[in-house]
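One structure is given below, encoded as C-alpha cells.
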2 protein chains.
Amino acid sequence: MKLIPAEIIKKKRQGQEHSLEELRAWIDGFVSGQVPDYQMAAWLMAVYFQGMGKEEISFLTQVMRDSGRVLNFSHLGAFCVDKHSTGGVGDKTSLMLTPLVGLFGLKVPMIAGRGLGHTGGTLDKLESIPGFRTNLSLEEFQKQIETLGYAIIGQTAEICPADRKLYALRDVTGTVESLPLICGSIMSKKLAEGLNSLVLDVKFGSGAFMKSQEEAQSLAQLLKTTGERQGVKVTTLLTDTNQPLGRFIGNALEVKECLDILDGRTFTPSAPSKQVDFDYYQPTRELTLQLASHMLHLGGKADSPEVGYSMAQKALESGQAAQAFSALCQAQGGDLARFRGEEMSPRPFAEVRAPQAGRLESMDCEQVGWASLLLGAGRLSHTDKIIPCAGIEVNCRLGEVYQKGDPLFYLYGDSSSQKACGEVEARLLNSLAWDKDQ
Amino acid sequence: MKLIPAEIIKKKRQGQEHSLEELRAWIDGFVSGQVPDYQMAAWLMAVYFQGMGKEEISFLTQVMRDSGRVLNFSHLGAFCVDKHSTGGVGDKTSLMLTPLVGLFGLKVPMIAGRGLGHTGGTLDKLESIPGFRTNLSLEEFQKQIETLGYAIIGQTAEICPADRKLYALRDVTGTVESLPLICGSIMSKKLAEGLNSLVLDVKFGSGAFMKSQEEAQSLAQLLKTTGERQGVKVTTLLTDTNQPLGRFIGNALEVKECLDILDGRTFTPSAPSKQVDFDYYQPTRELTLQLASHMLHLGGKADSPEVGYSMAQKALESGQAAQAFSALCQAQGGDLARFRGEEMSPRPFAEVRAPQAGRLESMDCEQVGWASLLLGAGRLSHTDKIIPCAGIEVNCRLGEVYQKGDPLFYLYGDSSSQKACGEVEARLLNSLAWDKDQ
C-alpha cells in the first residue's frame, strides 16, 4: 500500500484503528528509514493518548516480530516454551527454570534482557559466572536448542529490529508507559523465538513497574490475548513484588542463591530471634516451581499444573535440576567450579540496622532495587560497568517485629561500592515504614 | 536552565504547565538544533491532547516571537495597528484596509501570508498587480512605515524562525489543529511587528478553518487574551463565512473588486430578476468598514467604533482611500495603471448554471475555495505557480430562489484553467444544497 505518514498519524490521533496492512507499511517504513523519527514520535504519542484496539495490538506485535528473523523449531518435533517476567527485584527464577523445564524434553529458547530501570537482568546474572557467553550467534543458539534443548542468550541484531529502534525512540520521547507499546515490545520478541507457549509472570507492587494489581491485570490480559491471537498458548501469573524475592539481590549473589536452592539448601537465619523459622530461599523456590508447573502443563508434559509442580519439585530434590543447570553453564562456556570456589561464601562490607523497634509495615521495593544499582549491581547509565559481586542481602520481612539495632540488610561489593554506602543506607532506611506501637 | 527534553515531554504529556524559562529553553533549543525534530514532534502531539494554560500560551507566543527580530516603531510616536484574519474565501479586505487606516496617521506594518489550504493569501493578490514587491527587506519595510506609514510584506527569514520551523513540523506530524499552537503561530508573528493594537477577524462557517461559531469563539478569546498579556490591545470580530465574501474569488479578480469599491462602484447584476436589488460588493465594503472602524477606535483616532465607521466611510466615498491605495502600490513598485488597463474587464471562459429550480439552502464554501484553487488561483502543492487572472465570479446568494439554467458562477483563467473546468463545475454544483419545493 501507498504510505502517507501524516494520514497514519491523524488516524491514530483521532482514535481510529489501523489495519494490518497499514501497520506493516508504517513499521517497515520506520525500520527502513522511509518514515522519519519525528513522524514516528508523533504517532507514538498519539498511541499513548488514544490507545489501540486488541486486534490492532496483535497486528502491531505481528509486524514488529516480522521486522527481523523469526525462529522456528517445529522441525524438532518438540514443544517450545518460555517464560517472561515484567521485571522484579531479586527475581532469579529464569536461571533455574530454563534447565528445570528443559530436562523434561521441552525446548526452551530463552532470549533474555539486561537490567531495566531498578530491576535486574538475567543476562547480567549469568555473566557473573566466569566465561558464561550470553552472546551466542543465532546459529549457535539454534544448535544448542537442538542438542541440549535449552539456552539463554541476549537479543541479537537480527531479532525484532523494529523493537530496538522503537524502544530507543520511546525512551527519549516520553512514550515508554503505554500498554499497547509495552505489549508489542514484549510479545514481538517472545514470538520471534518461535514458541508454542509462554508463561508470563506479571509483577505488581512497590518493586514492579506496574504498582497496582489492576494495572498488572490489564497488562497480563493484553499480553495473553495478543499471544493467543498469534497462535501461542499463554498462561499469566500475577505475583506480588512488595518486597524483594528471596534472600539476595545482585548478580553473583543471585547465582549463589540459585546454586544453593539447586543443591537443596535453605536459608534460615539464626537471628533476630522471631525469624528463626523463616526460610528466605522459600519464596524463590516456590515461584520457580509455580512457573515450572505451568510451563510443564502448557507444554503437555503434565496433565495439570499440580502434576507439573510435583514433577518439578522431584527434579529439584533429586539433584537433576542442578545437573541440568551445570549442563547449561558448560554449553555456554560458564566455569561453575570457579564460581563455586570464589562466590559461594561472600562477605558483606557493611550492615544496615533498625533505627528503632517496631513492626515492618511496608517497603518501597523499587528503592531497594535502586540501592542495589548504586552499589554496582546494575547500570545507572548505558556506559556503567556492573560489579558482579555487588548487591544486598535482605534480612527483614514485611509484618515482622524488629528491635532497635537488628541487622536488616547486609551490603556487598568492592571498594567503589563502599563509596556509595552512605547513600545506599539512607535509601534503604527511607524505603521502610514502621508501626512503632508494636 | 538545564534542558532535559524527555522531562519536558513527560511534563506536557501529564498535563502540567511549563514555565516561561522552560518554554524558552525548549523553543530556543529547537531553533538551534539542540532539540531534535522527533522530541519536538512528541511534545507537539502531547500539546494537541493536553492543551496549554492561558499563561503558558502567552509564554509560548512570547518565546516564539523572541526567536527572531522584533520590530519596534515606538520612536515614531505613532500608534501601530494591524488586522489579522484566520482565513476566508474571497476576503480581500486587507488590501483596502491598510491604506484606509494608514491615511488617518496610524502606522500599519502588515506582515501578510500566502494562500493556506483552500483560502486565498493577501500576498498572492497584491502580486497580481504588475511589479508589486511583497518581498521588501525589513529595512525597506521599516523605512516605508516611517515615510508612507503603511506597508504589506511577506514573512522574512528574520521574523519568527521558531514559527517557520514549528509550522513545517506540525504540517507533517498531524499537529496543525491545536488551538494553543494556532494561537502561538498567529500571535508570535503579529507581535513581532511591534504593534500597539490588533483587530482580529475570526471566521466561522463552511468556508472557515473553524466550522462552528463556538470553535471560532474559543480561538478568538484565546488570541485576545494572549495579545493582551503581551501588552497589545485586541478587538475580535467573529464573521460568517458560509458563502464567499463579495463578488469575486481569485487574485486579479479580487484586486479588481477592491479597485471598483475604492472607486465608488457597486455590482448589482441585472439577472436573474429576483436579485436585482442586491449589491454583491456590499459585504466586502461593509466588512472593510467594520474592521477599519475598530482599528481607528483602538488606535485612538475615533472615540467609538461608530465614529470610526463614519470616518472610514467618508474616506472611501471621498476617494482618499483610493489615493492611499495608489500610494501603497507606487511605494512597493506596483503598476496600477497597467493593471487597470489589463484586468478590470475580465471575460469568463465558462459559466455554471442551476441544474434545477429551487431555493439555495447552503453552500460548502470550502469547496468553492478548492474549486478556485483548481482553476489556478492558489497552490495545491508548494511548487505550483499561481495564475493571476484565474478565479470565480459568484452569482448566487444563500436564501435566494433560482430557476433551472440560471447562471450561478462564472469561471476565469487561462488555457490550463480550462482543463480543470469539468472538475470545477462538478465541485461547485456539489457544494450547493437546494430546497426544491420553493
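As shown in the C-alpha cells, the chain order sets the letters A, B, ...; within each chain, residues go from 1, and ligands are also counted from 1 in the order they appear.
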Neighbour list for Asp263 (chain A) as a ChimeraX atom specification, cut-off 9 Å, only C-alpha atoms, skip fewer than 5 positions in-chain: /A:258,316-317,319,321-322
Quick one: pick out all helix (DSSP H, G or I) residues within region 38-287 of chain B from a backbone DSSP run and write them as an MDAnalysis selection string. chainID B and resid 38:50 54:65 74:76 93:102 122:126 138:147 161:172 179:191 213:229 251:262 273:275 282:287
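The interface of chain B with chain A at 7 Å, considering only C-alpha atoms, consists of Ala6, Ile9, Lys10, Asp37, Tyr38, Gln39, Ala41, Ala42, Met45, Ala46, Val172, Thr173 and Gly174 of chain B.
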Go ahead and write the residues just picked, C-alpha atoms, as an mmCIF file, in the first residue's frame.
```cif
data_model
loop_
_atom_site.group_PDB
_atom_site.id
_atom_site.type_symbol
_atom_site.label_atom_id
_atom_site.label_comp_id
_atom_site.auth_asym_id
_atom_site.auth_seq_id
_atom_site.Cartn_x
_atom_site.Cartn_y
_atom_site.Cartn_z
ATOM 1 C CA ALA B 6 12.391 13.854 27.872
ATOM 2 C CA ILE B 9 7.797 15.998 27.035
ATOM 3 C CA LYS B 10 6.616 13.962 30.045
ATOM 4 C CA ASP B 37 12.613 17.109 15.495
ATOM 5 C CA TYR B 38 11.495 13.776 16.989
ATOM 6 C CA GLN B 39 11.376 15.150 20.528
ATOM 7 C CA ALA B 41 7.090 16.130 17.430
ATOM 8 C CA ALA B 42 6.255 14.089 20.551
ATOM 9 C CA MET B 45 1.298 15.756 19.926
ATOM 10 C CA ALA B 46 1.185 15.919 23.745
ATOM 11 C CA VAL B 172 3.860 16.607 8.586
ATOM 12 C CA THR B 173 3.085 15.293 12.090
ATOM 13 C CA GLY B 174 -0.687 15.816 12.273
#
```
Name the residues of region 334-415 of chain A that fall into strand (DSSP E) according to DSSP on the backbone, using the chain letters and numbers of this document, as a PyMOL selection string. chain A and resi 350-353+358-363+391-394+401-402+407-412
Looking at only C-alpha atoms, which of B:Glu257, B:Asp303, B:Asp163, B:Glu228 is the one that sits closest to Thr93 (chain B)? B:Glu257
If you take only C-alpha atoms and a cut-off of 9 Å, which residues of region 196-274 of chain B touch region 107-120 of chain B, and what are their nearest atom pairs and distances in Å to one decimal, in chain and number order, as a Markdown table?
```
| residue | atom | partner | partner_atom | distance |
| --- | --- | --- | --- | --- |
| B:Gly207 | CA | B:Thr119 | CA | 8.2 |
| B:Ala208 | CA | B:Thr119 | CA | 8.3 |
| B:Ile249 | CA | B:Gly120 | CA | 8.2 |
| B:Gly250 | CA | B:Gly120 | CA | 7.5 |
| B:Asn251 | CA | B:Gly120 | CA | 7.9 |
```
Counting only C-alpha atoms, what is within 7 Å of Pro305 (chain B), bar same-chain residues fewer than 4 positions away, as number ranges by chain? B: 293-294, 297, 309
Quick one: residues within 9 Å of Leu291 (chain A), only C-alpha atoms, excluding same-chain residues fewer than 4 positions away - as a short mmCIF file (atom, residue, chain, number, x, y, z; two decimals) with C-alpha atoms, in the first residue's frame?
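Listed below is the output, around23.cif:
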```
data_model
loop_
_atom_site.label_atom_id
_atom_site.label_comp_id
_atom_site.auth_asym_id
_atom_site.auth_seq_id
_atom_site.Cartn_x
_atom_site.Cartn_y
_atom_site.Cartn_z
CA LYS A 83 8.74 -17.60 30.48
CA THR A 93 13.87 -17.70 38.68
CA LEU A 97 13.59 -22.56 35.38
CA VAL A 199 4.15 -18.34 30.83
CA LEU A 200 4.02 -14.68 31.83
CA ASP A 201 4.92 -13.51 35.32
CA LEU A 237 0.63 -15.34 36.84
CA GLU A 286 8.18 -21.57 45.35
CA LEU A 287 7.86 -19.10 42.43
CA MET A 295 5.32 -24.50 31.66
CA LEU A 296 5.17 -28.27 32.02
CA TYR A 309 4.52 -28.89 40.33
#
```
With a distance cut-off of 8 Å and only C-alpha atoms, select the neighbouring residues of Asp364 (chain A), excluding the residue or stretch itself and same-chain residues fewer than 5 positions from it, and output the selection as a list in words.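 Once the nearby chain positions are removed, what remains is Ser206, Gly207, Asn242, Gln243, Ser431 and Leu432 of chain A.
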Emit the selected residues as an mmCIF file, in the first residue's frame, including all heavy atoms.
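Final output, saved to result01.cif:
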```
data_model
loop_
_atom_site.group_PDB
_atom_site.id
_atom_site.type_symbol
_atom_site.label_atom_id
_atom_site.label_comp_id
_atom_site.auth_asym_id
_atom_site.auth_seq_id
_atom_site.Cartn_x
_atom_site.Cartn_y
_atom_site.Cartn_z
ATOM 1 N N SER A 206 5.222 -2.506 45.022
ATOM 2 C CA SER A 206 6.170 -1.388 45.117
ATOM 3 C C SER A 206 7.461 -1.645 44.349
ATOM 4 O O SER A 206 8.177 -0.704 44.023
ATOM 5 C CB SER A 206 6.467 -1.063 46.581
ATOM 6 O OG SER A 206 7.171 -2.135 47.186
ATOM 7 N N GLY A 207 7.781 -2.904 44.049
ATOM 8 C CA GLY A 207 9.013 -3.186 43.326
ATOM 9 C C GLY A 207 8.812 -3.398 41.839
ATOM 10 O O GLY A 207 9.764 -3.630 41.100
ATOM 11 N N ASN A 242 6.086 -6.567 46.567
ATOM 12 C CA ASN A 242 6.168 -5.504 47.577
ATOM 13 C C ASN A 242 7.416 -5.625 48.448
ATOM 14 O O ASN A 242 7.691 -4.747 49.259
ATOM 15 C CB ASN A 242 4.903 -5.502 48.433
ATOM 16 C CG ASN A 242 3.736 -4.915 47.658
ATOM 17 O OD1 ASN A 242 3.816 -3.775 47.190
ATOM 18 N ND2 ASN A 242 2.678 -5.693 47.468
ATOM 19 N N GLN A 243 8.148 -6.760 48.283
ATOM 20 C CA GLN A 243 9.465 -6.915 48.900
ATOM 21 C C GLN A 243 10.297 -7.772 47.959
ATOM 22 O O GLN A 243 9.754 -8.415 47.063
ATOM 23 C CB GLN A 243 9.365 -7.522 50.300
ATOM 24 C CG GLN A 243 8.619 -8.841 50.378
ATOM 25 C CD GLN A 243 8.341 -9.261 51.815
ATOM 26 O OE1 GLN A 243 9.057 -8.901 52.738
ATOM 27 N NE2 GLN A 243 7.265 -10.027 51.994
ATOM 28 N N SER A 431 13.223 3.537 52.654
ATOM 29 C CA SER A 431 12.259 2.686 51.939
ATOM 30 C C SER A 431 11.327 1.951 52.898
ATOM 31 O O SER A 431 10.340 1.363 52.472
ATOM 32 C CB SER A 431 12.997 1.675 51.057
ATOM 33 O OG SER A 431 13.512 0.616 51.847
ATOM 34 N N LEU A 432 11.657 1.988 54.177
ATOM 35 C CA LEU A 432 10.895 1.202 55.162
ATOM 36 C C LEU A 432 9.903 2.069 55.931
ATOM 37 O O LEU A 432 10.206 3.192 56.299
ATOM 38 C CB LEU A 432 11.859 0.546 56.156
ATOM 39 C CG LEU A 432 12.991 -0.290 55.544
ATOM 40 C CD1 LEU A 432 13.929 -0.805 56.640
ATOM 41 C CD2 LEU A 432 12.425 -1.441 54.723
#
```
Selection: 10 Å around Trp434 (chain B), only C-alpha atoms, excl. self and same-chain fewer than 3 positions, as a ChimeraX atom specification: /B:356-363,398-399,401-402,437-438
How would the residues just picked look written out with N, CA and C atoms as an mmCIF file, in the first residue's frame?
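Result file follows (part_32.cif):
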```cif
data_model
loop_
_atom_site.group_PDB
_atom_site.id
_atom_site.type_symbol
_atom_site.label_atom_id
_atom_site.label_comp_id
_atom_site.auth_asym_id
_atom_site.auth_seq_id
_atom_site.Cartn_x
_atom_site.Cartn_y
_atom_site.Cartn_z
ATOM 1 N N GLN B 356 -31.456 22.781 -11.469
ATOM 2 C CA GLN B 356 -32.915 22.722 -11.303
ATOM 3 C C GLN B 356 -33.360 23.998 -10.586
ATOM 4 N N ALA B 357 -34.685 24.168 -10.503
ATOM 5 C CA ALA B 357 -35.200 25.320 -9.768
ATOM 6 C C ALA B 357 -35.185 25.026 -8.278
ATOM 7 N N GLY B 358 -35.075 26.074 -7.456
ATOM 8 C CA GLY B 358 -35.135 25.872 -6.011
ATOM 9 C C GLY B 358 -34.515 27.032 -5.258
ATOM 10 N N ARG B 359 -34.676 26.947 -3.907
ATOM 11 C CA ARG B 359 -34.055 27.965 -3.058
ATOM 12 C C ARG B 359 -32.685 27.442 -2.620
ATOM 13 N N LEU B 360 -31.660 28.291 -2.732
ATOM 14 C CA LEU B 360 -30.301 27.896 -2.346
ATOM 15 C C LEU B 360 -30.221 27.855 -0.813
ATOM 16 N N GLU B 361 -30.163 26.636 -0.273
ATOM 17 C CA GLU B 361 -30.219 26.437 1.178
ATOM 18 C C GLU B 361 -28.862 26.606 1.851
ATOM 19 N N SER B 362 -27.823 25.982 1.283
ATOM 20 C CA SER B 362 -26.497 26.087 1.900
ATOM 21 C C SER B 362 -25.425 25.880 0.841
ATOM 22 N N MET B 363 -24.221 26.288 1.189
ATOM 23 C CA MET B 363 -23.091 26.207 0.277
ATOM 24 C C MET B 363 -21.900 25.705 1.088
ATOM 25 N N LEU B 398 -27.078 32.715 -0.679
ATOM 26 C CA LEU B 398 -27.895 31.831 0.154
ATOM 27 C C LEU B 398 -29.280 32.439 0.363
ATOM 28 N N GLY B 399 -30.294 31.592 0.316
ATOM 29 C CA GLY B 399 -31.666 32.050 0.594
ATOM 30 C C GLY B 399 -32.420 32.513 -0.638
ATOM 31 N N VAL B 401 -34.010 32.295 -4.559
ATOM 32 C CA VAL B 401 -34.649 31.283 -5.400
ATOM 33 C C VAL B 401 -34.136 31.430 -6.831
ATOM 34 N N TYR B 402 -33.721 30.312 -7.411
ATOM 35 C CA TYR B 402 -33.214 30.323 -8.784
ATOM 36 C C TYR B 402 -34.036 29.378 -9.650
ATOM 37 N N ASP B 437 -38.683 22.545 -3.130
ATOM 38 C CA ASP B 437 -40.115 22.848 -3.039
ATOM 39 C C ASP B 437 -40.394 24.318 -3.314
ATOM 40 N N GLN B 438 -39.370 25.146 -3.299
ATOM 41 C CA GLN B 438 -39.588 26.577 -3.478
ATOM 42 C C GLN B 438 -39.799 26.919 -4.951
#
```
Report, in Å with one decimal, the straight-line distance from CA of Val202 (chain A) to CA of Gly77 (chain A). 29.6 Å
Ranking A:Ser178, A:Thr225, A:Gln290, A:Ser137 by minimum distance to Glu306 (chain A) and counting only C-alpha atoms, which one comes first?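 Under the stated criterion, the closest residue is A:Gln290.
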Nearest to Phe132 (chain B), restricted to only C-alpha atoms and choosing among B:Gly231, B:Gly376, B:Gly405, B:Gly334, comes out as B:Gly334
